[in-house]
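Colleague: Before anything else, here's the structure in question.
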Amino acid sequence: MFDVFLYPVSAILWFWHKVFGAVSSPDSGLAWVLSIVFLVFTLRLLLIKPALSALRAGRRMQALAPQMRKIQEKYGKDRRRMATEVQKLHAESGSSPLGGCLPALIQLPVFFSLYWVLRDFTPGARSNHVFDRAGVESFLNADLFGAKLGNWLSQPAAELAAFGTDHAHMIAVGAPLMLIAGLATFFSMRSGLARQTSTAPQAAGITKLMMYLAPLGMLVSGSFFPVPIGVLLYFLATNVWTLGQQHFLTKVVDREEESSQGPVPPGGSTLAA
């Protein structure tokens, strides 16, 4: 289903591996780690525009929240009239209830493809899309401080030994990766909580719950499920990028809203958001 995305994603990884492999050894863990990180950064950079569109759409929906609540209170028993009034509100404001969803849906196939390209570096695989057998073996033999990129924390000791590593090295590398990725997720979700609390308290409650569950889920899945170190690097890179991107794009949209409101008249005042 995702083959149309898998080949371009693996081609980007191949490109970065060639770049960093020319600087250090192509089979080194450093070359593969940097290739994974820059693969994530490249794809996230390409998806900046839909991410910005989603944030703008979310802001418009937040601005309409008070009016939406009034419509629900007034026409709560008349579903048809309520739907008509909501549609009219969106038409007048130039917003769309799907405005924040569509950009996210565009990004999902890319994220899943990135994940599966890394998961497809498996023992016995003759190729991984753009990579040939030699590329697959190079990835599987690469290590980060003694932890093999293609192995996972819960793998049996005998299998880890066959790849030249052990649980001590896997935990020493995997645990910090999961912790930092979890913290990045926590802080990125917390940064958006304050605005939701004032504009959409119900959604804020869900965000607050997920703010704790998402990092916990990452720790559990990385510890007990077959999630290779290479995939944990992907989680780390994408969550750190998300934290920085959210901070940057939020400032961009804040400046857009400030400029659209115009300068404050002399002696005037601004209302708190």
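Chain lettering (A, B, ...) mirrors the order of the structure tokens, residue numbering begins at 1 for each chain separately, and ligand numbering begins at 1 in order of display.
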Could you give me, as a list in words, each residue of region 91-233 of chain A that DSSP assigns to strand (DSSP E or B) when run on this structure's backbone?
Modeller: Asn128, Phe131, Asp143, Leu144, Ala147 and Lys148 of chain A
Colleague: Any chance you could export the current selection's N, CA and C atoms as a PDB file, in the first residue's frame?
Modeller:
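What ended up in part33.pdb:
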ATOM      1  N   ASN A 128      16.140  -4.002   0.643  1.00  0.00           N
ATOM      2  CA  ASN A 128      15.188  -3.152   1.350  1.00  0.00           C
ATOM      3  C   ASN A 128      14.917  -1.949   0.460  1.00  0.00           C
ATOM      4  N   PHE A 131      17.941  -0.225  -1.141  1.00  0.00           N
ATOM      5  CA  PHE A 131      19.154  -0.881  -0.636  1.00  0.00           C
ATOM      6  C   PHE A 131      19.238  -2.332  -1.129  1.00  0.00           C
ATOM      7  N   ASP A 143      26.724  -0.469  14.694  1.00  0.00           N
ATOM      8  CA  ASP A 143      26.367  -0.390  16.115  1.00  0.00           C
ATOM      9  C   ASP A 143      26.569   1.021  16.644  1.00  0.00           C
ATOM     10  N   LEU A 144      25.872   1.311  17.726  1.00  0.00           N
ATOM     11  CA  LEU A 144      25.989   2.587  18.431  1.00  0.00           C
ATOM     12  C   LEU A 144      26.419   2.273  19.855  1.00  0.00           C
ATOM     13  N   ALA A 147      25.619  -1.279  20.781  1.00  0.00           N
ATOM     14  CA  ALA A 147      24.240  -1.738  20.544  1.00  0.00           C
ATOM     15  C   ALA A 147      23.982  -1.763  19.043  1.00  0.00           C
ATOM     16  N   LYS A 148      23.571  -2.902  18.515  1.00  0.00           N
ATOM     17  CA  LYS A 148      23.319  -3.041  17.083  1.00  0.00           C
ATOM     18  C   LYS A 148      22.022  -2.331  16.693  1.00  0.00           C
TER      19      LYS A 148
END
Colleague: Among region 21-79 of chain A, which ones does DSSP place in alpha helix (DSSP H), written as a PyMOL selection string?
Modeller: chain A and resi 21-23+29-46+48-75+79
Colleague: Go ahead and save the picked residues with N, CA and C atoms, as a short mmCIF file (atom, residue, chain, number, x, y, z; two decimals), in the first residue's frame.
Modeller:
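Contents of the output file out_19.cif:
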data_model
loop_
_atom_site.label_atom_id
_atom_site.label_comp_id
_atom_site.auth_asym_id
_atom_site.auth_seq_id
_atom_site.Cartn_x
_atom_site.Cartn_y
_atom_site.Cartn_z
N GLY A 21 28.68 8.19 4.71
CA GLY A 21 29.61 7.08 4.51
C GLY A 21 30.88 7.50 3.83
N ALA A 22 30.82 8.60 3.06
CA ALA A 22 32.02 9.12 2.41
C ALA A 22 32.92 9.84 3.40
N VAL A 23 32.33 10.35 4.48
CA VAL A 23 33.10 11.04 5.52
C VAL A 23 33.74 10.05 6.47
N GLY A 29 28.58 2.82 12.65
CA GLY A 29 27.34 3.22 13.30
C GLY A 29 27.08 4.70 13.14
N LEU A 30 28.13 5.51 13.17
CA LEU A 30 27.98 6.96 13.04
C LEU A 30 27.33 7.33 11.71
N ALA A 31 27.78 6.70 10.61
CA ALA A 31 27.21 7.00 9.30
C ALA A 31 25.73 6.65 9.26
N TRP A 32 25.35 5.52 9.85
CA TRP A 32 23.94 5.11 9.83
C TRP A 32 23.08 5.96 10.78
N VAL A 33 23.62 6.28 11.93
CA VAL A 33 22.88 7.13 12.89
C VAL A 33 22.58 8.49 12.26
N LEU A 34 23.59 9.12 11.68
CA LEU A 34 23.40 10.43 11.05
C LEU A 34 22.45 10.32 9.85
N SER A 35 22.52 9.20 9.13
CA SER A 35 21.63 9.01 7.98
C SER A 35 20.18 8.95 8.43
N ILE A 36 19.90 8.24 9.53
CA ILE A 36 18.54 8.14 10.05
C ILE A 36 18.05 9.51 10.53
N VAL A 37 18.90 10.20 11.26
CA VAL A 37 18.52 11.52 11.79
C VAL A 37 18.23 12.49 10.65
N PHE A 38 19.08 12.52 9.64
CA PHE A 38 18.88 13.47 8.55
C PHE A 38 17.76 13.03 7.61
N LEU A 39 17.47 11.74 7.56
CA LEU A 39 16.28 11.28 6.84
C LEU A 39 15.04 11.88 7.49
N VAL A 40 14.95 11.77 8.81
CA VAL A 40 13.80 12.34 9.54
C VAL A 40 13.72 13.84 9.33
N PHE A 41 14.85 14.53 9.46
CA PHE A 41 14.85 15.99 9.32
C PHE A 41 14.45 16.41 7.90
N THR A 42 14.92 15.66 6.89
CA THR A 42 14.58 15.99 5.50
C THR A 42 13.07 15.87 5.27
N LEU A 43 12.49 14.76 5.72
CA LEU A 43 11.06 14.54 5.51
C LEU A 43 10.22 15.55 6.30
N ARG A 44 10.64 15.84 7.54
CA ARG A 44 9.88 16.80 8.34
C ARG A 44 9.98 18.21 7.74
N LEU A 45 11.12 18.52 7.14
CA LEU A 45 11.27 19.83 6.50
C LEU A 45 10.34 19.93 5.28
N LEU A 46 10.22 18.84 4.52
CA LEU A 46 9.33 18.82 3.37
C LEU A 46 7.86 18.95 3.77
N ILE A 48 6.74 20.79 6.32
CA ILE A 48 6.51 22.01 7.11
C ILE A 48 5.23 22.71 6.67
N LYS A 49 5.01 22.80 5.36
CA LYS A 49 3.85 23.54 4.86
C LYS A 49 2.53 22.94 5.33
N PRO A 50 2.30 21.60 5.18
CA PRO A 50 1.04 21.06 5.71
C PRO A 50 0.94 21.17 7.23
N ALA A 51 2.09 21.11 7.94
CA ALA A 51 2.05 21.27 9.39
C ALA A 51 1.62 22.69 9.76
N LEU A 52 2.10 23.67 9.01
CA LEU A 52 1.72 25.07 9.26
C LEU A 52 0.24 25.27 8.94
N SER A 53 -0.23 24.64 7.87
CA SER A 53 -1.65 24.74 7.51
C SER A 53 -2.53 24.14 8.60
N ALA A 54 -2.09 23.02 9.16
CA ALA A 54 -2.86 22.38 10.22
C ALA A 54 -2.92 23.26 11.46
N LEU A 55 -1.80 23.92 11.79
CA LEU A 55 -1.78 24.80 12.96
C LEU A 55 -2.69 26.01 12.75
N ARG A 56 -2.65 26.59 11.55
CA ARG A 56 -3.53 27.72 11.26
C ARG A 56 -5.00 27.30 11.36
N ALA A 57 -5.32 26.13 10.83
CA ALA A 57 -6.70 25.64 10.88
C ALA A 57 -7.12 25.40 12.33
N GLY A 58 -6.20 24.88 13.13
CA GLY A 58 -6.50 24.66 14.54
C GLY A 58 -6.76 25.96 15.28
N ARG A 59 -6.00 26.99 14.95
CA ARG A 59 -6.21 28.30 15.58
C ARG A 59 -7.58 28.88 15.21
N ARG A 60 -7.96 28.71 13.93
CA ARG A 60 -9.27 29.20 13.51
C ARG A 60 -10.39 28.48 14.24
N MET A 61 -10.23 27.16 14.44
CA MET A 61 -11.24 26.41 15.16
C MET A 61 -11.29 26.83 16.63
N GLN A 62 -10.14 27.12 17.21
CA GLN A 62 -10.10 27.59 18.59
C GLN A 62 -10.80 28.94 18.73
N ALA A 63 -10.62 29.83 17.74
CA ALA A 63 -11.26 31.14 17.78
C ALA A 63 -12.78 31.01 17.68
N LEU A 64 -13.24 29.97 16.99
CA LEU A 64 -14.68 29.76 16.82
C LEU A 64 -15.31 28.99 17.97
N ALA A 65 -14.51 28.50 18.88
CA ALA A 65 -15.02 27.64 19.96
C ALA A 65 -16.14 28.29 20.77
N PRO A 66 -16.03 29.56 21.18
CA PRO A 66 -17.13 30.17 21.94
C PRO A 66 -18.44 30.20 21.16
N GLN A 67 -18.37 30.55 19.86
CA GLN A 67 -19.57 30.59 19.04
C GLN A 67 -20.15 29.19 18.83
N MET A 68 -19.26 28.21 18.70
CA MET A 68 -19.72 26.83 18.55
C MET A 68 -20.48 26.37 19.79
N ARG A 69 -19.98 26.75 20.96
CA ARG A 69 -20.66 26.36 22.19
C ARG A 69 -22.04 27.01 22.29
N LYS A 70 -22.15 28.27 21.83
CA LYS A 70 -23.44 28.96 21.86
C LYS A 70 -24.45 28.27 20.94
N ILE A 71 -23.97 27.84 19.77
CA ILE A 71 -24.84 27.13 18.83
C ILE A 71 -25.31 25.81 19.42
N GLN A 72 -24.38 25.09 20.07
CA GLN A 72 -24.73 23.81 20.69
C GLN A 72 -25.75 23.99 21.81
N GLU A 73 -25.56 25.05 22.59
CA GLU A 73 -26.50 25.31 23.68
C GLU A 73 -27.88 25.73 23.16
N LYS A 74 -27.90 26.48 22.07
CA LYS A 74 -29.17 27.00 21.54
C LYS A 74 -29.94 25.96 20.74
N TYR A 75 -29.21 25.15 19.95
CA TYR A 75 -29.88 24.20 19.06
C TYR A 75 -29.54 22.75 19.39
N ARG A 79 -30.79 18.74 15.88
CA ARG A 79 -29.52 18.39 15.23
C ARG A 79 -29.39 19.01 13.84
#
Colleague: I'd like the neighbourhood of Leu243 (chain A) as a PDB file with all heavy atoms, in the first residue's frame, where a residue qualifies if any of its atoms comes within 10 Å (using only C-alpha atoms), though same-chain residues fewer than 3 positions away should be ignored.
Modeller:
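Writing done, so here's part_24.pdb:
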ATOM      1  N   LEU A 183      10.545  12.540  26.809  1.00  0.00           N
ATOM      2  CA  LEU A 183      10.541  13.900  27.357  1.00  0.00           C
ATOM      3  C   LEU A 183      10.191  14.929  26.288  1.00  0.00           C
ATOM      4  O   LEU A 183       9.458  15.883  26.553  1.00  0.00           O
ATOM      5  CB  LEU A 183      11.910  14.215  27.972  1.00  0.00           C
ATOM      6  CG  LEU A 183      12.218  13.544  29.313  1.00  0.00           C
ATOM      7  CD1 LEU A 183      13.670  13.785  29.703  1.00  0.00           C
ATOM      8  CD2 LEU A 183      11.279  14.063  30.398  1.00  0.00           C
ATOM      9  N   ALA A 184      10.724  14.722  25.076  1.00  0.00           N
ATOM     10  CA  ALA A 184      10.405  15.647  23.986  1.00  0.00           C
ATOM     11  C   ALA A 184       8.911  15.615  23.674  1.00  0.00           C
ATOM     12  O   ALA A 184       8.288  16.655  23.440  1.00  0.00           O
ATOM     13  CB  ALA A 184      11.215  15.293  22.739  1.00  0.00           C
ATOM     14  N   THR A 185       8.324  14.409  23.698  1.00  0.00           N
ATOM     15  CA  THR A 185       6.884  14.285  23.473  1.00  0.00           C
ATOM     16  C   THR A 185       6.099  14.985  24.575  1.00  0.00           C
ATOM     17  O   THR A 185       5.135  15.711  24.312  1.00  0.00           O
ATOM     18  CB  THR A 185       6.480  12.796  23.429  1.00  0.00           C
ATOM     19  OG1 THR A 185       7.214  12.143  22.393  1.00  0.00           O
ATOM     20  CG2 THR A 185       4.993  12.635  23.164  1.00  0.00           C
ATOM     21  N   PHE A 186       6.514  14.780  25.818  1.00  0.00           N
ATOM     22  CA  PHE A 186       5.836  15.391  26.962  1.00  0.00           C
ATOM     23  C   PHE A 186       5.837  16.912  26.863  1.00  0.00           C
ATOM     24  O   PHE A 186       4.797  17.567  27.007  1.00  0.00           O
ATOM     25  CB  PHE A 186       6.518  14.939  28.252  1.00  0.00           C
ATOM     26  CG  PHE A 186       5.984  15.604  29.496  1.00  0.00           C
ATOM     27  CD1 PHE A 186       4.848  15.110  30.117  1.00  0.00           C
ATOM     28  CD2 PHE A 186       6.616  16.715  30.039  1.00  0.00           C
ATOM     29  CE1 PHE A 186       4.346  15.716  31.262  1.00  0.00           C
ATOM     30  CE2 PHE A 186       6.119  17.331  31.180  1.00  0.00           C
ATOM     31  CZ  PHE A 186       4.982  16.823  31.792  1.00  0.00           C
ATOM     32  N   PHE A 187       7.005  17.493  26.582  1.00  0.00           N
ATOM     33  CA  PHE A 187       7.108  18.952  26.554  1.00  0.00           C
ATOM     34  C   PHE A 187       6.393  19.552  25.345  1.00  0.00           C
ATOM     35  O   PHE A 187       5.826  20.647  25.445  1.00  0.00           O
ATOM     36  CB  PHE A 187       8.575  19.383  26.577  1.00  0.00           C
ATOM     37  CG  PHE A 187       9.226  19.224  27.919  1.00  0.00           C
ATOM     38  CD1 PHE A 187      10.298  18.367  28.093  1.00  0.00           C
ATOM     39  CD2 PHE A 187       8.747  19.925  29.017  1.00  0.00           C
ATOM     40  CE1 PHE A 187      10.892  18.209  29.342  1.00  0.00           C
ATOM     41  CE2 PHE A 187       9.335  19.778  30.266  1.00  0.00           C
ATOM     42  CZ  PHE A 187      10.405  18.908  30.436  1.00  0.00           C
ATOM     43  N   SER A 188       6.412  18.851  24.198  1.00  0.00           N
ATOM     44  CA  SER A 188       5.705  19.383  23.028  1.00  0.00           C
ATOM     45  C   SER A 188       4.200  19.380  23.254  1.00  0.00           C
ATOM     46  O   SER A 188       3.498  20.314  22.837  1.00  0.00           O
ATOM     47  CB  SER A 188       6.057  18.576  21.773  1.00  0.00           C
ATOM     48  OG  SER A 188       5.628  17.230  21.892  1.00  0.00           O
ATOM     49  N   MET A 189       3.674  18.351  23.942  1.00  0.00           N
ATOM     50  CA  MET A 189       2.238  18.304  24.232  1.00  0.00           C
ATOM     51  C   MET A 189       1.876  19.299  25.325  1.00  0.00           C
ATOM     52  O   MET A 189       0.811  19.922  25.289  1.00  0.00           O
ATOM     53  CB  MET A 189       1.822  16.881  24.626  1.00  0.00           C
ATOM     54  CG  MET A 189       2.029  15.856  23.530  1.00  0.00           C
ATOM     55  SD  MET A 189       1.424  14.204  23.942  1.00  0.00           S
ATOM     56  CE  MET A 189      -0.342  14.443  23.677  1.00  0.00           C
ATOM     57  N   SER A 191       3.283  22.162  25.876  1.00  0.00           N
ATOM     58  CA  SER A 191       3.343  23.539  25.381  1.00  0.00           C
ATOM     59  C   SER A 191       2.046  23.963  24.709  1.00  0.00           C
ATOM     60  O   SER A 191       1.729  25.153  24.659  1.00  0.00           O
ATOM     61  CB  SER A 191       4.509  23.697  24.397  1.00  0.00           C
ATOM     62  OG  SER A 191       4.284  22.937  23.233  1.00  0.00           O
ATOM     63  N   THR A 238      12.416  12.381  15.452  1.00  0.00           N
ATOM     64  CA  THR A 238      11.138  12.997  15.061  1.00  0.00           C
ATOM     65  C   THR A 238      10.486  13.738  16.224  1.00  0.00           C
ATOM     66  O   THR A 238       9.862  14.788  16.032  1.00  0.00           O
ATOM     67  CB  THR A 238      10.184  11.939  14.469  1.00  0.00           C
ATOM     68  OG1 THR A 238       9.125  12.604  13.764  1.00  0.00           O
ATOM     69  CG2 THR A 238       9.578  11.049  15.544  1.00  0.00           C
ATOM     70  N   ASN A 239      10.634  13.227  17.455  1.00  0.00           N
ATOM     71  CA  ASN A 239      10.030  13.910  18.601  1.00  0.00           C
ATOM     72  C   ASN A 239      10.788  15.179  18.977  1.00  0.00           C
ATOM     73  O   ASN A 239      10.178  16.181  19.374  1.00  0.00           O
ATOM     74  CB  ASN A 239       9.944  12.969  19.798  1.00  0.00           C
ATOM     75  CG  ASN A 239       8.888  11.898  19.608  1.00  0.00           C
ATOM     76  OD1 ASN A 239       7.880  12.127  18.935  1.00  0.00           O
ATOM     77  ND2 ASN A 239       9.093  10.737  20.183  1.00  0.00           N
ATOM     78  N   VAL A 240      12.108  15.149  18.863  1.00  0.00           N
ATOM     79  CA  VAL A 240      12.887  16.369  19.111  1.00  0.00           C
ATOM     80  C   VAL A 240      12.576  17.413  18.040  1.00  0.00           C
ATOM     81  O   VAL A 240      12.413  18.598  18.332  1.00  0.00           O
ATOM     82  CB  VAL A 240      14.394  16.044  19.145  1.00  0.00           C
ATOM     83  CG1 VAL A 240      15.224  17.329  19.144  1.00  0.00           C
ATOM     84  CG2 VAL A 240      14.725  15.213  20.385  1.00  0.00           C
ATOM     85  N   GLN A 246       7.184  22.856  16.697  1.00  0.00           N
ATOM     86  CA  GLN A 246       6.004  23.433  17.342  1.00  0.00           C
ATOM     87  C   GLN A 246       6.310  24.825  17.895  1.00  0.00           C
ATOM     88  O   GLN A 246       5.502  25.751  17.757  1.00  0.00           O
ATOM     89  CB  GLN A 246       5.511  22.513  18.451  1.00  0.00           C
ATOM     90  CG  GLN A 246       4.200  22.938  19.080  1.00  0.00           C
ATOM     91  CD  GLN A 246       3.741  21.943  20.122  1.00  0.00           C
ATOM     92  OE1 GLN A 246       4.511  21.553  20.999  1.00  0.00           O
ATOM     93  NE2 GLN A 246       2.492  21.525  20.042  1.00  0.00           N
ATOM     94  N   HIS A 247       7.476  24.959  18.515  1.00  0.00           N
ATOM     95  CA  HIS A 247       7.871  26.261  19.058  1.00  0.00           C
ATOM     96  C   HIS A 247       8.009  27.290  17.940  1.00  0.00           C
ATOM     97  O   HIS A 247       7.523  28.423  18.055  1.00  0.00           O
ATOM     98  CB  HIS A 247       9.186  26.107  19.814  1.00  0.00           C
ATOM     99  CG  HIS A 247       9.706  27.385  20.407  1.00  0.00           C
ATOM    100  ND1 HIS A 247       9.142  27.977  21.517  1.00  0.00           N
ATOM    101  CD2 HIS A 247      10.735  28.190  20.025  1.00  0.00           C
ATOM    102  CE1 HIS A 247       9.806  29.086  21.806  1.00  0.00           C
ATOM    103  NE2 HIS A 247      10.769  29.240  20.919  1.00  0.00           N
ATOM    104  N   PHE A 248       8.644  26.893  16.838  1.00  0.00           N
ATOM    105  CA  PHE A 248       8.881  27.812  15.716  1.00  0.00           C
ATOM    106  C   PHE A 248       7.582  28.191  15.015  1.00  0.00           C
ATOM    107  O   PHE A 248       7.310  29.380  14.778  1.00  0.00           O
ATOM    108  CB  PHE A 248       9.851  27.164  14.726  1.00  0.00           C
ATOM    109  CG  PHE A 248      10.028  27.945  13.453  1.00  0.00           C
ATOM    110  CD1 PHE A 248      10.776  29.102  13.422  1.00  0.00           C
ATOM    111  CD2 PHE A 248       9.428  27.500  12.275  1.00  0.00           C
ATOM    112  CE1 PHE A 248      10.929  29.827  12.250  1.00  0.00           C
ATOM    113  CE2 PHE A 248       9.575  28.213  11.096  1.00  0.00           C
ATOM    114  CZ  PHE A 248      10.326  29.374  11.082  1.00  0.00           C
TER     115      PHE A 248
END
Colleague: So the first atom is CA of Leu118 (chain A) and the second is CA of Ala134 (chain A); what is the distance between them in Å, to one decimal place?
Modeller: 15.3 Å
Colleague: Would you list the contacts of Gly135 (chain A) as an NGL selection string, taking every protein, DNA or RNA residue within 10 Å and counting only C-alpha atoms, but skipping same-chain residues closer than 3 positions in sequence?
Modeller: :A and (14 or 17 or 26-27 or 121 or 126-128 or 130-132 or 138-141)
Colleague: Counting only C-alpha atoms, which of A:Gln261, A:Tyr115, A:Ala91, A:Asn151 gets nearest to Leu13 (chain A)?
Modeller: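 Looking only at the distances to Leu13 (chain A), the closest residue turns out to be A:Tyr115.
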Colleague: Compare A:Arg133, A:Ala181, A:Val110, A:Phe163 by their minimum atom-to-atom distance to Val4 (chain A), counting only C-alpha atoms, and give me the closest one.
Modeller: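 So, comparing all the options, the nearest one is A:Val110.
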Colleague: How far is it from CA of Ile180 (chain A) to CA of Gly222 (chain A), in Å with one decimal?
Modeller: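 Separation between CA of Ile180 (chain A) and CA of Gly222 (chain A): 12.5 Å.
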Colleague: In Å, with one decimal, what is the gap from CA of His167 (chain A) to CA of Tyr212 (chain A)?
Modeller: 27.0 Å
Colleague: Between A:Met178, A:Val253, A:Glu258, A:Thr207, which is the closest to Leu232 (chain A) once you count only C-alpha atoms?
Modeller: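 Residue with the minimum atom-to-atom distance to Leu232 (chain A): A:Met178.
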